Amino acid sequence: MTTTVQAVDSRELVRRSFRAIEQPGSEDLAELVHADFRNWEAVGPAADLRGPEGFSAAIEMLNRAFSELRYEVVELIAERDLVAVRTLMHGVHTGPMRELPATGKPFAQSQSHWFRIDDGLIAEHWATRDDLGFLHQVGLAPGARVGAETRH
């Protein structure tokens, strides 16, 4: 019985983390993210930040690069201390991201996320993304046709 309650709580915790990205300031990050939280996907200065500060840096980076940011949770599975999520991240590429200039183009990027939960908080995050599909959708891939459909 405890496993089921923990899984339900873990799933809601992860859903709240996506809401925090979509709507900055909507969640108290200290209630979501462990003080030693590590985002293994982070790059640049955010890669060295831990805890709520590290999660906040990722939120800021995403919201600078993308407007109308929204996560569609396609599948979510919780087992023991892990939560796996398959999402589509929707948005409009309206700001620079790393070395990529803003394009103003909409996109829907397929992503997979893994979260490790510790003491009722998100302790670690890993992700994989369809970056090539994103580049095609926004017209930045070699030979890309803007508006071309991609598989999800």
# chains A, B, ... in the order shown; residues from 1 in each chain; ligands from 1
>>> residues_around(residues="Val83 in chain A", least_positions_apart="2", cutoff="9 Å", atoms="only C-alpha atoms", output="list of chain:residue names")
A:Ala7, A:Ser10, A:Arg11, A:Val14, A:Leu76, A:Ile77, A:Ala78, A:Glu79, A:Arg80, A:Asp81, A:Val85, A:His113, A:Trp114, A:Phe115, A:Arg116, A:Ile117
>>> write_last_selection(atoms="all heavy atoms", output="short mmCIF file (atom, residue, chain, number, x, y, z; two decimals), in the first residue's frame")
data_model
loop_
_atom_site.label_atom_id
_atom_site.label_comp_id
_atom_site.auth_asym_id
_atom_site.auth_seq_id
_atom_site.Cartn_x
_atom_site.Cartn_y
_atom_site.Cartn_z
N ALA A 7 4.05 6.27 -5.20
CA ALA A 7 4.02 6.44 -6.65
C ALA A 7 3.09 7.57 -7.05
O ALA A 7 3.43 8.39 -7.89
CB ALA A 7 3.62 5.13 -7.32
N SER A 10 4.76 10.83 -6.16
CA SER A 10 5.88 11.08 -7.06
C SER A 10 5.39 11.57 -8.41
O SER A 10 5.97 12.49 -8.99
CB SER A 10 6.71 9.81 -7.24
OG SER A 10 7.30 9.43 -6.03
N ARG A 11 4.33 10.98 -8.91
CA ARG A 11 3.78 11.40 -10.20
C ARG A 11 3.30 12.85 -10.13
O ARG A 11 3.56 13.64 -11.02
CB ARG A 11 2.66 10.46 -10.64
CG ARG A 11 3.15 9.12 -11.12
CD ARG A 11 2.06 8.32 -11.78
NE ARG A 11 1.09 7.84 -10.82
CZ ARG A 11 1.08 6.60 -10.34
NH1 ARG A 11 1.99 5.74 -10.70
NH2 ARG A 11 0.18 6.22 -9.47
N VAL A 14 6.25 15.32 -10.06
CA VAL A 14 6.83 15.52 -11.38
C VAL A 14 5.92 16.38 -12.25
O VAL A 14 6.39 17.29 -12.96
CB VAL A 14 7.15 14.16 -12.04
CG1 VAL A 14 7.44 14.30 -13.52
CG2 VAL A 14 8.32 13.50 -11.31
N LEU A 76 3.44 8.53 -18.22
CA LEU A 76 4.13 8.77 -16.95
C LEU A 76 4.04 7.48 -16.13
O LEU A 76 2.96 6.97 -15.90
CB LEU A 76 3.46 9.93 -16.22
CG LEU A 76 4.16 10.44 -14.97
CD1 LEU A 76 3.96 11.93 -14.84
CD2 LEU A 76 3.64 9.74 -13.75
N ILE A 77 5.21 6.99 -15.72
CA ILE A 77 5.28 5.74 -14.97
C ILE A 77 6.15 5.96 -13.74
O ILE A 77 7.23 6.55 -13.84
CB ILE A 77 5.89 4.61 -15.82
CG1 ILE A 77 5.05 4.38 -17.07
CG2 ILE A 77 6.04 3.33 -15.02
CD1 ILE A 77 5.72 3.51 -18.12
N ALA A 78 5.68 5.49 -12.58
CA ALA A 78 6.46 5.60 -11.35
C ALA A 78 6.70 4.21 -10.79
O ALA A 78 5.78 3.38 -10.74
CB ALA A 78 5.72 6.45 -10.33
N GLU A 79 7.93 3.96 -10.40
CA GLU A 79 8.32 2.68 -9.80
C GLU A 79 9.41 2.95 -8.78
O GLU A 79 10.42 3.59 -9.11
CB GLU A 79 8.83 1.75 -10.90
CG GLU A 79 9.24 0.38 -10.43
CD GLU A 79 8.07 -0.53 -10.11
OE1 GLU A 79 6.99 -0.34 -10.70
OE2 GLU A 79 8.24 -1.41 -9.26
N ARG A 80 9.20 2.50 -7.56
CA ARG A 80 10.15 2.75 -6.46
C ARG A 80 10.46 4.24 -6.36
O ARG A 80 9.56 5.04 -6.16
CB ARG A 80 11.40 1.88 -6.61
CG ARG A 80 11.13 0.38 -6.49
CD ARG A 80 12.38 -0.47 -6.60
NE ARG A 80 13.25 -0.16 -7.71
CZ ARG A 80 13.12 -0.65 -8.95
NH1 ARG A 80 12.13 -1.47 -9.22
NH2 ARG A 80 13.97 -0.32 -9.90
N ASP A 81 11.73 4.64 -6.55
CA ASP A 81 12.09 6.06 -6.41
C ASP A 81 12.29 6.74 -7.76
O ASP A 81 12.82 7.84 -7.83
CB ASP A 81 13.35 6.21 -5.54
CG ASP A 81 14.59 5.60 -6.17
OD1 ASP A 81 14.44 4.77 -7.10
OD2 ASP A 81 15.71 5.93 -5.73
N VAL A 85 8.91 9.79 -17.73
CA VAL A 85 7.87 10.57 -18.41
C VAL A 85 8.24 10.75 -19.88
O VAL A 85 9.38 11.10 -20.19
CB VAL A 85 7.72 11.98 -17.78
CG1 VAL A 85 6.51 12.70 -18.35
CG2 VAL A 85 7.64 11.92 -16.28
N HIS A 113 12.01 11.95 -19.97
CA HIS A 113 12.59 12.44 -18.72
C HIS A 113 12.58 11.33 -17.68
O HIS A 113 11.62 10.56 -17.59
CB HIS A 113 11.77 13.62 -18.16
CG HIS A 113 11.72 14.79 -19.06
ND1 HIS A 113 12.62 15.83 -18.97
CD2 HIS A 113 10.89 15.10 -20.07
CE1 HIS A 113 12.34 16.73 -19.89
NE2 HIS A 113 11.30 16.31 -20.57
N TRP A 114 13.64 11.29 -16.88
CA TRP A 114 13.72 10.41 -15.72
C TRP A 114 13.99 11.27 -14.50
O TRP A 114 14.84 12.16 -14.55
CB TRP A 114 14.87 9.41 -15.88
CG TRP A 114 14.58 8.35 -16.89
CD1 TRP A 114 14.72 8.46 -18.24
CD2 TRP A 114 14.11 7.04 -16.63
NE1 TRP A 114 14.35 7.28 -18.84
CE2 TRP A 114 13.98 6.40 -17.87
CE3 TRP A 114 13.79 6.36 -15.47
CZ2 TRP A 114 13.54 5.09 -17.97
CZ3 TRP A 114 13.35 5.05 -15.57
CH2 TRP A 114 13.23 4.42 -16.81
N PHE A 115 13.26 11.01 -13.45
CA PHE A 115 13.43 11.73 -12.19
C PHE A 115 13.67 10.71 -11.09
O PHE A 115 12.98 9.69 -11.01
CB PHE A 115 12.16 12.51 -11.84
CG PHE A 115 11.79 13.57 -12.83
CD1 PHE A 115 11.01 13.27 -13.94
CD2 PHE A 115 12.19 14.89 -12.64
CE1 PHE A 115 10.65 14.24 -14.85
CE2 PHE A 115 11.83 15.87 -13.55
CZ PHE A 115 11.06 15.55 -14.65
N ARG A 116 14.62 11.00 -10.22
CA ARG A 116 14.80 10.20 -9.00
C ARG A 116 14.29 11.02 -7.84
O ARG A 116 14.64 12.18 -7.68
CB ARG A 116 16.27 9.83 -8.77
CG ARG A 116 16.43 8.85 -7.58
CD ARG A 116 17.86 8.42 -7.37
NE ARG A 116 18.71 9.54 -6.97
CZ ARG A 116 18.79 10.03 -5.73
NH1 ARG A 116 18.05 9.52 -4.75
NH2 ARG A 116 19.60 11.04 -5.46
N ILE A 117 13.44 10.38 -7.05
CA ILE A 117 12.80 11.04 -5.91
C ILE A 117 13.49 10.59 -4.62
O ILE A 117 13.76 9.41 -4.43
CB ILE A 117 11.29 10.68 -5.84
CG1 ILE A 117 10.61 10.90 -7.20
CG2 ILE A 117 10.60 11.45 -4.72
CD1 ILE A 117 10.69 12.30 -7.76
#
>>> residues_around(residues="range 130-132 of chain A", least_positions_apart="6", cutoff="8 Å", atoms="only C-alpha atoms", output="list in words")
Gln109, Ser110, Gln111 and Ala141 of chain A
>>> atom_distance(atom1="CA of Gly51 in chain A", atom2="CA of Val33 in chain A")
6.2 Å
>>> select_by_dssp(residues="range 35-136 of chain A", states="strand (DSSP E or B)", output="ChimeraX atom specification")
/A:35-39,66-79,82-93,97,100,106-118,121-129
>>> write_last_selection(atoms="C-alpha atoms", output="CSV table (one decimal), in the first residue's frame")
chain,number,residue,atom,x,y,z
A,35,ALA,CA,18.6,20.8,-1.8
A,36,ASP,CA,21.2,18.6,-3.5
A,37,PHE,CA,19.1,18.3,-6.8
A,38,ARG,CA,21.3,17.6,-9.8
A,39,ASN,CA,20.1,18.2,-13.4
A,66,PHE,CA,10.6,29.7,-25.9
A,67,SER,CA,7.3,31.4,-25.6
A,68,GLU,CA,4.0,29.6,-25.3
A,69,LEU,CA,5.9,26.8,-23.5
A,70,ARG,CA,3.7,23.8,-22.7
A,71,TYR,CA,4.4,20.2,-21.8
A,72,GLU,CA,2.1,17.5,-23.0
A,73,VAL,CA,2.5,14.4,-20.8
A,74,VAL,CA,2.1,11.4,-23.1
A,75,GLU,CA,3.1,8.7,-20.6
A,76,LEU,CA,4.1,8.8,-16.9
A,77,ILE,CA,5.3,5.7,-15.0
A,78,ALA,CA,6.5,5.6,-11.4
A,79,GLU,CA,8.3,2.7,-9.8
A,82,LEU,CA,12.0,6.7,-10.2
A,83,VAL,CA,9.5,8.5,-12.4
A,84,ALA,CA,9.7,8.1,-16.2
A,85,VAL,CA,7.9,10.6,-18.4
A,86,ARG,CA,7.4,10.8,-22.2
A,87,THR,CA,6.4,14.4,-23.2
A,88,LEU,CA,5.9,16.7,-26.1
A,89,MET,CA,7.3,20.1,-25.4
A,90,HIS,CA,5.3,22.7,-27.4
A,91,GLY,CA,6.4,26.3,-27.9
A,92,VAL,CA,7.6,29.0,-30.2
A,93,HIS,CA,11.3,29.6,-30.6
A,97,MET,CA,19.2,29.2,-27.1
A,100,LEU,CA,20.9,29.0,-32.0
A,106,PRO,CA,6.5,26.9,-33.5
A,107,PHE,CA,7.6,23.4,-32.6
A,108,ALA,CA,6.6,20.2,-30.8
A,109,GLN,CA,9.7,18.3,-29.5
A,110,SER,CA,9.5,14.7,-28.3
A,111,GLN,CA,11.3,14.2,-25.0
A,112,SER,CA,11.9,11.5,-22.3
A,113,HIS,CA,12.6,12.4,-18.7
A,114,TRP,CA,13.7,10.4,-15.7
A,115,PHE,CA,13.4,11.7,-12.2
A,116,ARG,CA,14.8,10.2,-9.0
A,117,ILE,CA,12.8,11.0,-5.9
A,118,ASP,CA,14.4,11.3,-2.5
A,121,LEU,CA,11.5,15.7,-3.5
A,122,ILE,CA,13.1,15.5,-6.9
A,123,ALA,CA,16.8,14.7,-6.4
A,124,GLU,CA,18.0,14.0,-9.9
A,125,HIS,CA,16.8,14.6,-13.5
A,126,TRP,CA,18.0,13.1,-16.8
A,127,ALA,CA,16.5,13.7,-20.3
A,128,THR,CA,16.8,12.9,-23.9
A,129,ARG,CA,15.2,15.1,-26.6
>>> select_by_dssp(residues="range 14-148 of chain A", states="helix (DSSP H, G or I)", output="ChimeraX atom specification")
/A:14-22,29-31,44-48,51-65,131-137
>>> write_last_selection(atoms="C-alpha atoms", output="PDB file, in the first residue's frame")
ATOM      1  CA  VAL A  14       6.828  15.521 -11.382  1.00  0.00           C
ATOM      2  CA  ARG A  15       3.684  17.018 -12.956  1.00  0.00           C
ATOM      3  CA  ARG A  16       4.173  20.059 -10.696  1.00  0.00           C
ATOM      4  CA  SER A  17       7.767  20.381 -11.922  1.00  0.00           C
ATOM      5  CA  PHE A  18       6.513  20.726 -15.505  1.00  0.00           C
ATOM      6  CA  ARG A  19       3.984  23.354 -14.370  1.00  0.00           C
ATOM      7  CA  ALA A  20       6.859  25.260 -12.729  1.00  0.00           C
ATOM      8  CA  ILE A  21       8.594  25.410 -16.108  1.00  0.00           C
ATOM      9  CA  GLU A  22       5.452  26.427 -18.002  1.00  0.00           C
ATOM     10  CA  LEU A  29      10.792  25.191  -5.974  1.00  0.00           C
ATOM     11  CA  ALA A  30      11.976  24.302  -2.451  1.00  0.00           C
ATOM     12  CA  GLU A  31       8.825  22.136  -2.171  1.00  0.00           C
ATOM     13  CA  GLY A  44      26.493  26.033 -19.411  1.00  0.00           C
ATOM     14  CA  PRO A  45      26.494  27.789 -16.034  1.00  0.00           C
ATOM     15  CA  ALA A  46      23.355  25.909 -14.913  1.00  0.00           C
ATOM     16  CA  ALA A  47      25.283  22.618 -15.049  1.00  0.00           C
ATOM     17  CA  ASP A  48      27.207  23.571 -11.905  1.00  0.00           C
ATOM     18  CA  GLY A  51      19.113  22.467  -5.658  1.00  0.00           C
ATOM     19  CA  PRO A  52      16.269  24.891  -6.370  1.00  0.00           C
ATOM     20  CA  GLU A  53      18.796  27.392  -7.785  1.00  0.00           C
ATOM     21  CA  GLY A  54      19.801  24.900 -10.487  1.00  0.00           C
ATOM     22  CA  PHE A  55      16.203  24.094 -11.357  1.00  0.00           C
ATOM     23  CA  SER A  56      15.390  27.809 -11.480  1.00  0.00           C
ATOM     24  CA  ALA A  57      18.287  28.420 -13.902  1.00  0.00           C
ATOM     25  CA  ALA A  58      16.870  25.777 -16.267  1.00  0.00           C
ATOM     26  CA  ILE A  59      13.408  27.379 -16.060  1.00  0.00           C
ATOM     27  CA  GLU A  60      14.859  30.783 -16.907  1.00  0.00           C
ATOM     28  CA  MET A  61      16.841  29.428 -19.858  1.00  0.00           C
ATOM     29  CA  LEU A  62      13.818  27.632 -21.326  1.00  0.00           C
ATOM     30  CA  ASN A  63      11.521  30.633 -20.914  1.00  0.00           C
ATOM     31  CA  ARG A  64      14.068  32.996 -22.505  1.00  0.00           C
ATOM     32  CA  ALA A  65      14.290  30.746 -25.566  1.00  0.00           C
ATOM     33  CA  ASP A 131      16.958  17.922 -31.086  1.00  0.00           C
ATOM     34  CA  LEU A 132      17.239  17.130 -34.800  1.00  0.00           C
ATOM     35  CA  GLY A 133      13.444  17.131 -35.121  1.00  0.00           C
ATOM     36  CA  PHE A 134      13.351  20.494 -33.341  1.00  0.00           C
ATOM     37  CA  LEU A 135      15.989  21.939 -35.711  1.00  0.00           C
ATOM     38  CA  HIS A 136      13.993  20.754 -38.728  1.00  0.00           C
ATOM     39  CA  GLN A 137      10.763  22.275 -37.400  1.00  0.00           C
TER      40      GLN A 137
END
